[in-house]
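Structure file final15.pdb with PDB, C-alpha atoms:
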```
ATOM      1  CA  MET A   1      30.240  18.472   6.695
ATOM      2  CA  ALA A   2      28.657  21.529   5.094
ATOM      3  CA  VAL A   3      25.864  23.061   7.157
ATOM      4  CA  LYS A   4      23.256  24.377   4.776
ATOM      5  CA  SER A   5      20.842  27.272   4.884
ATOM      6  CA  LEU A   6      17.730  27.596   2.722
ATOM      7  CA  GLN A   7      19.871  29.580   0.270
ATOM      8  CA  ASP A   8      22.332  26.682   0.018
ATOM      9  CA  LEU A   9      19.468  24.203  -0.405
ATOM     10  CA  PHE A  10      18.123  26.386  -3.202
ATOM     11  CA  HIS A  11      21.497  26.424  -4.954
ATOM     12  CA  GLU A  12      22.011  22.649  -4.587
ATOM     13  CA  THR A  13      18.529  21.932  -5.940
ATOM     14  CA  LEU A  14      19.112  24.305  -8.844
ATOM     15  CA  LYS A  15      22.242  22.291  -9.760
ATOM     16  CA  ASP A  16      20.211  19.079  -9.361
ATOM     17  CA  ILE A  17      17.474  20.136 -11.808
ATOM     18  CA  TYR A  18      20.088  21.533 -14.222
ATOM     19  CA  TYR A  19      21.638  18.036 -14.324
ATOM     20  CA  VAL A  20      18.179  16.524 -14.895
ATOM     21  CA  GLU A  21      17.298  18.832 -17.804
ATOM     22  CA  LYS A  22      20.691  18.443 -19.495
ATOM     23  CA  LYS A  23      20.494  14.677 -19.150
ATOM     24  CA  LEU A  24      16.958  14.739 -20.550
ATOM     25  CA  VAL A  25      18.139  16.655 -23.631
ATOM     26  CA  ARG A  26      20.384  13.648 -24.332
ATOM     27  CA  ALA A  27      17.773  10.992 -23.419
ATOM     28  CA  LEU A  28      14.752  12.301 -25.366
ATOM     29  CA  PRO A  29      16.092  11.652 -28.909
ATOM     30  CA  LYS A  30      16.472   7.945 -28.052
ATOM     31  CA  MET A  31      12.917   7.839 -26.682
ATOM     32  CA  ALA A  32      11.630   9.563 -29.855
ATOM     33  CA  LYS A  33      13.539   7.120 -32.071
ATOM     34  CA  ASN A  34      12.007   4.134 -30.283
ATOM     35  CA  ALA A  35       8.426   5.476 -30.317
ATOM     36  CA  GLU A  36       6.060   3.425 -32.456
ATOM     37  CA  SER A  37       3.340   6.014 -33.078
ATOM     38  CA  PRO A  38       4.108   9.220 -35.006
ATOM     39  CA  GLU A  39       2.094  11.221 -32.439
ATOM     40  CA  LEU A  40       4.303  10.082 -29.581
ATOM     41  CA  ARG A  41       7.465  10.716 -31.625
ATOM     42  CA  GLU A  42       6.269  14.249 -32.431
ATOM     43  CA  ALA A  43       5.270  14.921 -28.832
ATOM     44  CA  ILE A  44       8.714  13.864 -27.597
ATOM     45  CA  GLU A  45      10.464  15.953 -30.258
ATOM     46  CA  ALA A  46       8.363  18.962 -29.270
ATOM     47  CA  HIS A  47       9.254  18.384 -25.619
ATOM     48  CA  LEU A  48      12.947  18.209 -26.573
ATOM     49  CA  THR A  49      12.735  21.734 -27.991
ATOM     50  CA  GLU A  50      10.892  22.831 -24.849
ATOM     51  CA  THR A  51      13.518  21.157 -22.642
ATOM     52  CA  GLU A  52      16.309  23.030 -24.440
ATOM     53  CA  GLY A  53      14.449  26.237 -23.591
ATOM     54  CA  GLN A  54      14.182  25.103 -19.964
ATOM     55  CA  VAL A  55      17.949  24.566 -19.819
ATOM     56  CA  GLU A  56      18.415  28.159 -21.019
ATOM     57  CA  ARG A  57      15.919  29.386 -18.430
ATOM     58  CA  LEU A  58      17.963  27.639 -15.708
ATOM     59  CA  GLU A  59      21.116  29.321 -17.049
ATOM     60  CA  GLN A  60      19.303  32.669 -16.732
ATOM     61  CA  ILE A  61      18.549  31.837 -13.099
ATOM     62  CA  PHE A  62      22.192  30.935 -12.406
ATOM     63  CA  GLU A  63      22.995  34.419 -13.755
ATOM     64  CA  ILE A  64      20.360  36.039 -11.528
ATOM     65  CA  VAL A  65      21.841  34.376  -8.424
ATOM     66  CA  GLU A  66      25.350  35.153  -9.692
ATOM     67  CA  LYS A  67      26.535  31.550  -9.671
ATOM     68  CA  ARG A  68      28.250  29.539 -12.359
ATOM     69  CA  ALA A  69      25.808  27.218 -14.216
ATOM     70  CA  GLN A  70      26.818  23.851 -12.838
ATOM     71  CA  ALA A  71      25.145  20.429 -12.799
ATOM     72  CA  LYS A  72      25.151  18.158  -9.756
ATOM     73  CA  LYS A  73      24.645  14.426 -10.231
ATOM     74  CA  CYS A  74      21.033  13.525  -9.447
ATOM     75  CA  GLU A  75      20.734   9.907  -8.365
ATOM     76  CA  ALA A  76      16.948   9.908  -8.715
ATOM     77  CA  MET A  77      17.164  10.912 -12.400
ATOM     78  CA  ASP A  78      19.934   8.374 -13.051
ATOM     79  CA  GLY A  79      17.753   5.692 -11.468
ATOM     80  CA  ILE A  80      14.702   6.708 -13.514
ATOM     81  CA  LEU A  81      16.674   6.609 -16.771
ATOM     82  CA  ARG A  82      18.328   3.260 -15.959
ATOM     83  CA  GLU A  83      14.878   1.755 -15.324
ATOM     84  CA  ALA A  84      13.578   3.310 -18.556
ATOM     85  CA  ASP A  85      16.452   1.789 -20.570
ATOM     86  CA  GLU A  86      15.969  -1.599 -18.970
ATOM     87  CA  VAL A  87      12.234  -1.689 -19.701
ATOM     88  CA  LEU A  88      12.731  -0.441 -23.263
ATOM     89  CA  SER A  89      15.252  -3.188 -23.999
ATOM     90  CA  GLU A  90      12.791  -5.854 -22.870
ATOM     91  CA  VAL A  91       9.415  -4.661 -24.092
ATOM     92  CA  GLU A  92       7.645  -6.175 -27.093
ATOM     93  CA  ASP A  93       6.171  -4.323 -30.083
ATOM     94  CA  GLY A  94       2.759  -2.901 -29.243
ATOM     95  CA  ALA A  95       3.735  -2.126 -25.644
ATOM     96  CA  THR A  96       6.734   0.087 -26.462
ATOM     97  CA  ASP A  97       4.796   3.350 -26.460
ATOM     98  CA  ALA A  98       3.137   2.481 -23.141
ATOM     99  CA  ALA A  99       6.596   1.871 -21.640
ATOM    100  CA  ILE A 100       8.049   5.105 -23.064
ATOM    101  CA  ILE A 101       5.094   7.185 -21.848
ATOM    102  CA  ALA A 102       5.312   5.678 -18.353
ATOM    103  CA  SER A 103       9.043   6.434 -18.094
ATOM    104  CA  ALA A 104       8.618   9.949 -19.460
ATOM    105  CA  GLN A 105       5.893  10.625 -16.876
ATOM    106  CA  THR A 106       8.180   9.643 -13.980
ATOM    107  CA  VAL A 107      10.692  12.210 -15.313
ATOM    108  CA  GLU A 108       7.960  14.860 -15.692
ATOM    109  CA  HIS A 109       6.757  14.284 -12.145
ATOM    110  CA  TYR A 110      10.270  14.489 -10.714
ATOM    111  CA  GLU A 111      10.589  17.839 -12.481
ATOM    112  CA  ILE A 112       7.154  19.020 -11.315
ATOM    113  CA  ALA A 113       8.162  18.309  -7.691
ATOM    114  CA  ARG A 114      11.506  20.099  -8.095
ATOM    115  CA  TYR A 115      10.179  23.181  -9.907
ATOM    116  CA  GLY A 116       7.341  23.536  -7.385
ATOM    117  CA  THR A 117       9.885  23.499  -4.545
ATOM    118  CA  LEU A 118      12.276  25.868  -6.326
ATOM    119  CA  ALA A 119       9.513  28.386  -7.134
ATOM    120  CA  SER A 120       8.391  28.337  -3.487
ATOM    121  CA  TRP A 121      11.953  28.737  -2.136
ATOM    122  CA  ALA A 122      12.721  31.510  -4.644
ATOM    123  CA  ARG A 123       9.711  33.472  -3.335
ATOM    124  CA  GLN A 124      10.775  32.892   0.286
ATOM    125  CA  LEU A 125      14.245  34.175  -0.597
ATOM    126  CA  GLY A 126      12.809  37.258  -2.314
ATOM    127  CA  MET A 127      13.889  36.185  -5.805
ATOM    128  CA  ASP A 128      10.647  36.926  -7.637
ATOM    129  CA  GLU A 129      12.186  37.013 -11.116
ATOM    130  CA  ALA A 130      13.614  33.504 -10.633
ATOM    131  CA  ALA A 131      10.282  32.331  -9.179
ATOM    132  CA  GLU A 132       8.471  33.472 -12.322
ATOM    133  CA  LEU A 133      10.925  31.610 -14.543
ATOM    134  CA  PHE A 134      10.396  28.439 -12.482
ATOM    135  CA  ASP A 135       6.623  28.909 -12.768
ATOM    136  CA  GLU A 136       6.865  29.113 -16.575
ATOM    137  CA  THR A 137       8.736  25.822 -16.713
ATOM    138  CA  LEU A 138       6.411  24.259 -14.149
ATOM    139  CA  THR A 139       3.429  25.055 -16.372
ATOM    140  CA  GLU A 140       5.183  23.471 -19.366
ATOM    141  CA  GLU A 141       6.021  20.315 -17.396
ATOM    142  CA  LYS A 142       2.432  19.911 -16.177
ATOM    143  CA  GLU A 143       1.159  20.330 -19.735
ATOM    144  CA  ALA A 144       3.719  17.812 -21.022
ATOM    145  CA  ASP A 145       2.523  15.331 -18.391
ATOM    146  CA  GLN A 146      -1.147  15.832 -19.354
ATOM    147  CA  LYS A 147      -0.282  15.432 -23.035
ATOM    148  CA  LEU A 148       1.426  12.116 -22.241
ATOM    149  CA  SER A 149      -1.644  10.918 -20.290
ATOM    150  CA  ALA A 150      -3.864  11.813 -23.254
ATOM    151  CA  LEU A 151      -1.495   9.995 -25.636
ATOM    152  CA  ALA A 152      -1.551   6.906 -23.413
ATOM    153  CA  GLU A 153      -5.357   6.849 -23.637
ATOM    154  CA  ARG A 154      -5.347   7.391 -27.413
ATOM    155  CA  THR A 155      -2.684   4.743 -28.048
ATOM    156  CA  SER A 156      -4.687   2.189 -26.099
ATOM    157  CA  ASN A 157      -7.950   3.037 -27.912
ATOM    158  CA  GLN A 158      -6.225   2.635 -31.280
ATOM    159  CA  GLN A 159      -4.845  -0.727 -30.229
ATOM    160  CA  ALA A 160      -8.307  -1.817 -29.071
ATOM    161  CA  ALA A 161      -9.853  -0.671 -32.376
ATOM    162  CA  ALA A 162      -7.189  -2.557 -34.375
ATOM    163  CA  ALA A 163      -7.557  -5.771 -32.342
TER     164      ALA A 163
ATOM    165  CA  MET B   1      15.966 -11.199 -22.517
ATOM    166  CA  ALA B   2      12.321 -11.228 -21.456
ATOM    167  CA  VAL B   3       9.980  -9.805 -24.090
ATOM    168  CA  LYS B   4       7.267  -7.959 -22.278
ATOM    169  CA  SER B   5       3.640  -7.373 -23.079
ATOM    170  CA  LEU B   6       1.513  -4.669 -21.441
ATOM    171  CA  GLN B   7       0.469  -7.301 -18.897
ATOM    172  CA  ASP B   8       4.124  -7.945 -18.001
ATOM    173  CA  LEU B   9       4.809  -4.207 -17.811
ATOM    174  CA  PHE B  10       1.846  -3.879 -15.470
ATOM    175  CA  HIS B  11       3.170  -6.643 -13.223
ATOM    176  CA  GLU B  12       6.738  -5.231 -13.161
ATOM    177  CA  THR B  13       5.456  -1.751 -12.310
ATOM    178  CA  LEU B  14       3.241  -3.174  -9.574
ATOM    179  CA  LYS B  15       6.337  -4.787  -8.010
ATOM    180  CA  ASP B  16       8.189  -1.464  -8.415
ATOM    181  CA  ILE B  17       5.571   0.591  -6.542
ATOM    182  CA  TYR B  18       5.252  -2.145  -3.883
ATOM    183  CA  TYR B  19       8.995  -1.716  -3.234
ATOM    184  CA  VAL B  20       8.533   2.076  -3.070
ATOM    185  CA  GLU B  21       5.671   1.935  -0.552
ATOM    186  CA  LYS B  22       7.390  -0.628   1.670
ATOM    187  CA  LYS B  23      10.587   1.387   1.638
ATOM    188  CA  LEU B  24       8.599   4.525   2.474
ATOM    189  CA  VAL B  25       7.046   2.831   5.513
ATOM    190  CA  ARG B  26      10.608   2.456   6.820
ATOM    191  CA  ALA B  27      11.770   5.959   5.742
ATOM    192  CA  LEU B  28       8.878   8.073   7.085
ATOM    193  CA  PRO B  29       9.538   7.560  10.822
ATOM    194  CA  LYS B  30      13.047   9.003  10.362
ATOM    195  CA  MET B  31      11.621  12.001   8.494
ATOM    196  CA  ALA B  32       9.021  12.531  11.264
ATOM    197  CA  LYS B  33      11.704  12.313  13.953
ATOM    198  CA  ASN B  34      13.797  14.973  12.226
ATOM    199  CA  ALA B  35      10.917  17.378  11.584
ATOM    200  CA  GLU B  36      11.206  20.642  13.504
ATOM    201  CA  SER B  37       7.571  21.731  13.472
ATOM    202  CA  PRO B  38       4.880  19.646  15.189
ATOM    203  CA  GLU B  39       2.566  20.151  12.162
ATOM    204  CA  LEU B  40       5.078  18.560   9.807
ATOM    205  CA  ARG B  41       5.744  15.712  12.228
ATOM    206  CA  GLU B  42       2.007  15.032  12.546
ATOM    207  CA  ALA B  43       1.495  15.242   8.784
ATOM    208  CA  ILE B  44       4.259  12.687   8.194
ATOM    209  CA  GLU B  45       2.902  10.387  10.895
ATOM    210  CA  ALA B  46      -0.559  10.592   9.331
ATOM    211  CA  HIS B  47       0.942   9.791   5.936
ATOM    212  CA  LEU B  48       2.724   6.785   7.447
ATOM    213  CA  THR B  49      -0.639   5.333   8.504
ATOM    214  CA  GLU B  50      -1.981   6.085   5.022
ATOM    215  CA  THR B  51       1.082   4.469   3.410
ATOM    216  CA  GLU B  52       0.541   1.284   5.444
ATOM    217  CA  GLY B  53      -2.989   1.203   4.023
ATOM    218  CA  GLN B  54      -1.588   1.681   0.522
ATOM    219  CA  VAL B  55       0.723  -1.304   1.012
ATOM    220  CA  GLU B  56      -2.321  -3.393   1.940
ATOM    221  CA  ARG B  57      -4.181  -2.099  -1.115
ATOM    222  CA  LEU B  58      -1.277  -3.240  -3.298
ATOM    223  CA  GLU B  59      -1.401  -6.656  -1.657
ATOM    224  CA  GLN B  60      -5.122  -6.820  -2.538
ATOM    225  CA  ILE B  61      -4.188  -6.073  -6.161
ATOM    226  CA  PHE B  62      -1.549  -8.821  -6.192
ATOM    227  CA  GLU B  63      -4.365 -11.137  -5.059
ATOM    228  CA  ILE B  64      -6.687  -9.882  -7.807
ATOM    229  CA  VAL B  65      -4.061 -10.606 -10.474
ATOM    230  CA  GLU B  66      -3.214 -13.896  -8.751
ATOM    231  CA  LYS B  67       0.469 -13.108  -8.277
ATOM    232  CA  ARG B  68       2.604 -13.336  -5.186
ATOM    233  CA  ALA B  69       3.122  -9.914  -3.526
ATOM    234  CA  GLN B  70       6.732  -9.232  -4.432
ATOM    235  CA  ALA B  71       8.874  -6.087  -4.407
ATOM    236  CA  LYS B  72      11.299  -5.227  -7.192
ATOM    237  CA  LYS B  73      14.194  -2.867  -6.463
ATOM    238  CA  CYS B  74      13.348   0.617  -7.716
ATOM    239  CA  GLU B  75      16.498   2.583  -8.478
ATOM    240  CA  ALA B  76      14.602   5.865  -8.738
ATOM    241  CA  MET B  77      13.279   5.513  -5.172
ATOM    242  CA  ASP B  78      16.684   4.454  -3.862
ATOM    243  CA  GLY B  79      18.189   7.538  -5.521
ATOM    244  CA  ILE B  80      15.518   9.832  -4.073
ATOM    245  CA  LEU B  81      16.070   8.484  -0.556
ATOM    246  CA  ARG B  82      19.869   8.659  -0.797
ATOM    247  CA  GLU B  83      19.599  12.315  -1.821
ATOM    248  CA  ALA B  84      17.126  12.951   1.010
ATOM    249  CA  ASP B  85      19.508  11.426   3.582
ATOM    250  CA  GLU B  86      22.440  13.392   2.230
ATOM    251  CA  VAL B  87      20.583  16.712   2.375
ATOM    252  CA  LEU B  88      19.197  15.993   5.843
ATOM    253  CA  SER B  89      22.669  15.256   7.218
ATOM    254  CA  GLU B  90      23.943  18.620   5.959
ATOM    255  CA  VAL B  91      21.100  21.056   6.526
ATOM    256  CA  GLU B  92      21.092  23.592   9.345
ATOM    257  CA  ASP B  93      18.322  24.202  11.888
ATOM    258  CA  GLY B  94      15.575  26.354  10.426
ATOM    259  CA  ALA B  95      15.939  24.805   6.968
ATOM    260  CA  THR B  96      15.358  21.186   8.026
ATOM    261  CA  ASP B  97      11.616  21.219   7.431
ATOM    262  CA  ALA B  98      12.074  22.794   3.985
ATOM    263  CA  ALA B  99      14.511  19.980   3.094
ATOM    264  CA  ILE B 100      12.203  17.238   4.428
ATOM    265  CA  ILE B 101       9.168  18.638   2.591
ATOM    266  CA  ALA B 102      11.122  18.881  -0.683
ATOM    267  CA  SER B 103      12.316  15.267  -0.426
ATOM    268  CA  ALA B 104       8.869  14.003   0.536
ATOM    269  CA  GLN B 105       7.368  15.768  -2.489
ATOM    270  CA  THR B 106       9.764  14.027  -4.904
ATOM    271  CA  VAL B 107       8.575  10.705  -3.430
ATOM    272  CA  GLU B 108       4.908  11.760  -3.716
ATOM    273  CA  HIS B 109       5.374  12.759  -7.342
ATOM    274  CA  TYR B 110       7.120   9.511  -8.219
ATOM    275  CA  GLU B 111       4.116   7.725  -6.741
ATOM    276  CA  ILE B 112       1.617   9.981  -8.533
ATOM    277  CA  ALA B 113       3.280   9.147 -11.869
ATOM    278  CA  ARG B 114       3.295   5.408 -11.128
ATOM    279  CA  TYR B 115      -0.283   5.166  -9.829
ATOM    280  CA  GLY B 116      -1.565   7.201 -12.779
ATOM    281  CA  THR B 117       0.140   4.784 -15.165
ATOM    282  CA  LEU B 118      -1.023   1.706 -13.252
ATOM    283  CA  ALA B 119      -4.657   2.890 -13.125
ATOM    284  CA  SER B 120      -4.598   3.549 -16.871
ATOM    285  CA  TRP B 121      -3.004   0.173 -17.686
ATOM    286  CA  ALA B 122      -5.399  -1.667 -15.344
ATOM    287  CA  ARG B 123      -8.347  -0.170 -17.287
ATOM    288  CA  GLN B 124      -6.774  -1.115 -20.626
ATOM    289  CA  LEU B 125      -6.330  -4.670 -19.344
ATOM    290  CA  GLY B 126      -9.960  -4.835 -18.162
ATOM    291  CA  MET B 127      -9.046  -4.895 -14.462
ATOM    292  CA  ASP B 128     -11.539  -2.320 -13.234
ATOM    293  CA  GLU B 129     -11.408  -3.343  -9.571
ATOM    294  CA  ALA B 130      -7.634  -2.879  -9.510
ATOM    295  CA  ALA B 131      -8.005   0.450 -11.358
ATOM    296  CA  GLU B 132     -10.354   1.712  -8.648
ATOM    297  CA  LEU B 133      -7.918   0.734  -5.912
ATOM    298  CA  PHE B 134      -5.107   2.587  -7.736
ATOM    299  CA  ASP B 135      -7.380   5.633  -8.076
ATOM    300  CA  GLU B 136      -8.033   5.663  -4.329
ATOM    301  CA  THR B 137      -4.316   5.715  -3.589
ATOM    302  CA  LEU B 138      -3.691   8.268  -6.333
ATOM    303  CA  THR B 139      -6.170  10.639  -4.683
ATOM    304  CA  GLU B 140      -4.415  10.191  -1.316
ATOM    305  CA  GLU B 141      -0.985  10.863  -2.854
ATOM    306  CA  LYS B 142      -2.188  14.049  -4.562
ATOM    307  CA  GLU B 143      -3.729  15.255  -1.303
ATOM    308  CA  ALA B 144      -0.516  14.435   0.589
ATOM    309  CA  ASP B 145       1.457  16.456  -1.962
ATOM    310  CA  GLN B 146      -0.899  19.454  -1.623
ATOM    311  CA  LYS B 147      -0.715  19.239   2.157
ATOM    312  CA  LEU B 148       3.090  19.353   1.953
ATOM    313  CA  SER B 149       2.946  22.420  -0.331
ATOM    314  CA  ALA B 150       0.638  24.158   2.153
ATOM    315  CA  LEU B 151       2.975  23.237   5.030
ATOM    316  CA  ALA B 152       5.954  24.637   3.107
ATOM    317  CA  GLU B 153       4.123  27.965   2.759
ATOM    318  CA  ARG B 154       3.065  28.015   6.411
ATOM    319  CA  THR B 155       6.538  27.102   7.700
ATOM    320  CA  SER B 156       8.070  29.930   5.715
ATOM    321  CA  ASN B 157       5.474  32.464   6.922
ATOM    322  CA  GLN B 158       6.106  31.473  10.543
ATOM    323  CA  GLN B 159       9.844  31.869  10.057
ATOM    324  CA  ALA B 160       9.312  35.280   8.460
ATOM    325  CA  ALA B 161       7.052  36.347  11.371
ATOM    326  CA  ALA B 162       9.613  35.164  13.936
ATOM    327  CA  ALA B 163      12.548  36.888  12.181
TER     328      ALA B 163
END
```

How does this structure look as structure tokens?
Amino acid sequence: MAVKSLQDLFHETLKDIYYVEKKLVRALPKMAKNAESPELREAIEAHLTETEGQVERLEQIFEIVEKRAQAKKCEAMDGILREADEVLSEVEDGATDAAIIASAQTVEHYEIARYGTLASWARQLGMDEAAELFDETLTEEKEADQKLSALAERTSNQQAAAA
Amino acid sequence: MAVKSLQDLFHETLKDIYYVEKKLVRALPKMAKNAESPELREAIEAHLTETEGQVERLEQIFEIVEKRAQAKKCEAMDGILREADEVLSEVEDGATDAAIIASAQTVEHYEIARYGTLASWARQLGMDEAAELFDETLTEEKEADQKLSALAERTSNQQAAAA
């Protein structure tokens, strides 16, 4: 059994979030394709571009800590995406966007938790450059989450107006 | 294949978060027992009491919607807790609290995402009483998350001072 220091925890969690972001790059196009409203589709496509940038930022951090960029299976993310797929396969027209937004927000919040932790650990370990990169992504994830909340409101108002 | 309306989505997600909270009631005592600092132990114990109240609040909501209180396996939560157990079994003294706080924050953020969605859907479905109950829990979860962030900072400062 490996006994882990804060530095090891940092490295393991970095591999965890790298897995999450890379998996999200593959999952977002399917979410965008299934979106009913053009606004949601565009928001997801914009977040895909952002996510690709976040993957690159993580690769920069692997360079800073002089480790090979490597993903480690994240069971939480796999669980979130399995639930998202299941719901999407069962949902009826008119509720699809609500289901997609809800799933996307669980991903965003997993990322917000992880980036918050990683930024804090990076500072504790004296890696200020890495901490700033995590903070940049953290800001993007929080904004993505708020945008999804706003879209959820708007989608529901449009449905109410059309009813 | 069940075709699901927003009402069905609401009910499925309610069963999902009920599973999460009940599972957390069983997981928190282990986290508290493993905590190194008394502040973290007390914070987790306080959150256990709060979580028991949140379970009751969910049971009230099941009553409001006239459904049997029923939990539905949440793969995301199971994944989060498996990762938490794995990390805790491997971490060395001095980094235990950092690991516990990080795991607890992924749980809090999963809950924040879910309660935000449920409050929004409850309003769309005209269930204002349920929405208010979700909001109460949402506020508690956000405060619990902030408290954990503050504890992470404090723990690290104490370690730095002792080094």

Report the distance between CA of Leu118 in chain B and CA of Val25 in chain A in Å, rounded to one decimal place.
->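 One can read the CA of Leu118 in chain B to CA of Val25 in chain A distance as 26.4 Å.
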
Closest atom pairs, chain B residues within 6 Å of chain A, only C-alpha atoms, as a Markdown table:
```
| residue | atom | partner | partner_atom | distance |
| --- | --- | --- | --- | --- |
| B:Ala2 | CA | A:Glu90 | CA | 5.6 |
| B:Val3 | CA | A:Glu90 | CA | 5.0 |
| B:Lys4 | CA | A:Val91 | CA | 4.3 |
| B:Ser5 | CA | A:Glu92 | CA | 5.8 |
| B:Leu6 | CA | A:Ala95 | CA | 5.4 |
| B:Glu75 | CA | A:Gly79 | CA | 4.5 |
| B:Ala76 | CA | A:Gly79 | CA | 4.2 |
| B:Gly79 | CA | A:Ala76 | CA | 4.2 |
| B:Ile80 | CA | A:Ala76 | CA | 4.9 |
| B:Glu90 | CA | A:Val3 | CA | 5.0 |
| B:Val91 | CA | A:Lys4 | CA | 4.3 |
| B:Glu92 | CA | A:Lys4 | CA | 5.1 |
| B:Ala95 | CA | A:Leu6 | CA | 5.4 |
| B:Gln105 | CA | A:Ala113 | CA | 5.8 |
| B:Thr106 | CA | A:Ala113 | CA | 5.4 |
| B:His109 | CA | A:His109 | CA | 5.2 |
| B:Tyr110 | CA | A:Thr106 | CA | 5.9 |
| B:Ala113 | CA | A:Thr106 | CA | 5.4 |
```

Neighbour list for Ala43 in chain A as a ChimeraX atom specification, cut-off 10 Å, all atoms listed in the file, skip fewer than 5 positions in-chain = /A:32,38,48,144,147-148,151

For those residues, write C-alpha atoms to a file as a CSV table (one decimal), in the frame of the given file.
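In the end it all went to part-v6.csv:
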```csv
chain,number,residue,atom,x,y,z
A,32,ALA,CA,11.6,9.6,-29.9
A,38,PRO,CA,4.1,9.2,-35.0
A,48,LEU,CA,12.9,18.2,-26.6
A,144,ALA,CA,3.7,17.8,-21.0
A,147,LYS,CA,-0.3,15.4,-23.0
A,148,LEU,CA,1.4,12.1,-22.2
A,151,LEU,CA,-1.5,10.0,-25.6
```

With a distance cut-off of 9 Å and all atoms listed in the file, select the neighbouring residues of Asp16 in chain B, excluding the residue or stretch itself and same-chain residues fewer than 5 positions from it, and output the selection as a ChimeraX atom specification.
-> /B:11,21,70-74,114

Report, as AutoDock Vina command-line options, the axis-aligned box around all atoms of range 95-98 of chain A present in the file, extended by 6 Å on each side; give centre and edge lengths in Å to one decimal place.
```
--center_x 4.9 --center_y 0.6 --center_z -24.8 --size_x 15.6 --size_y 17.5 --size_z 15.3
```
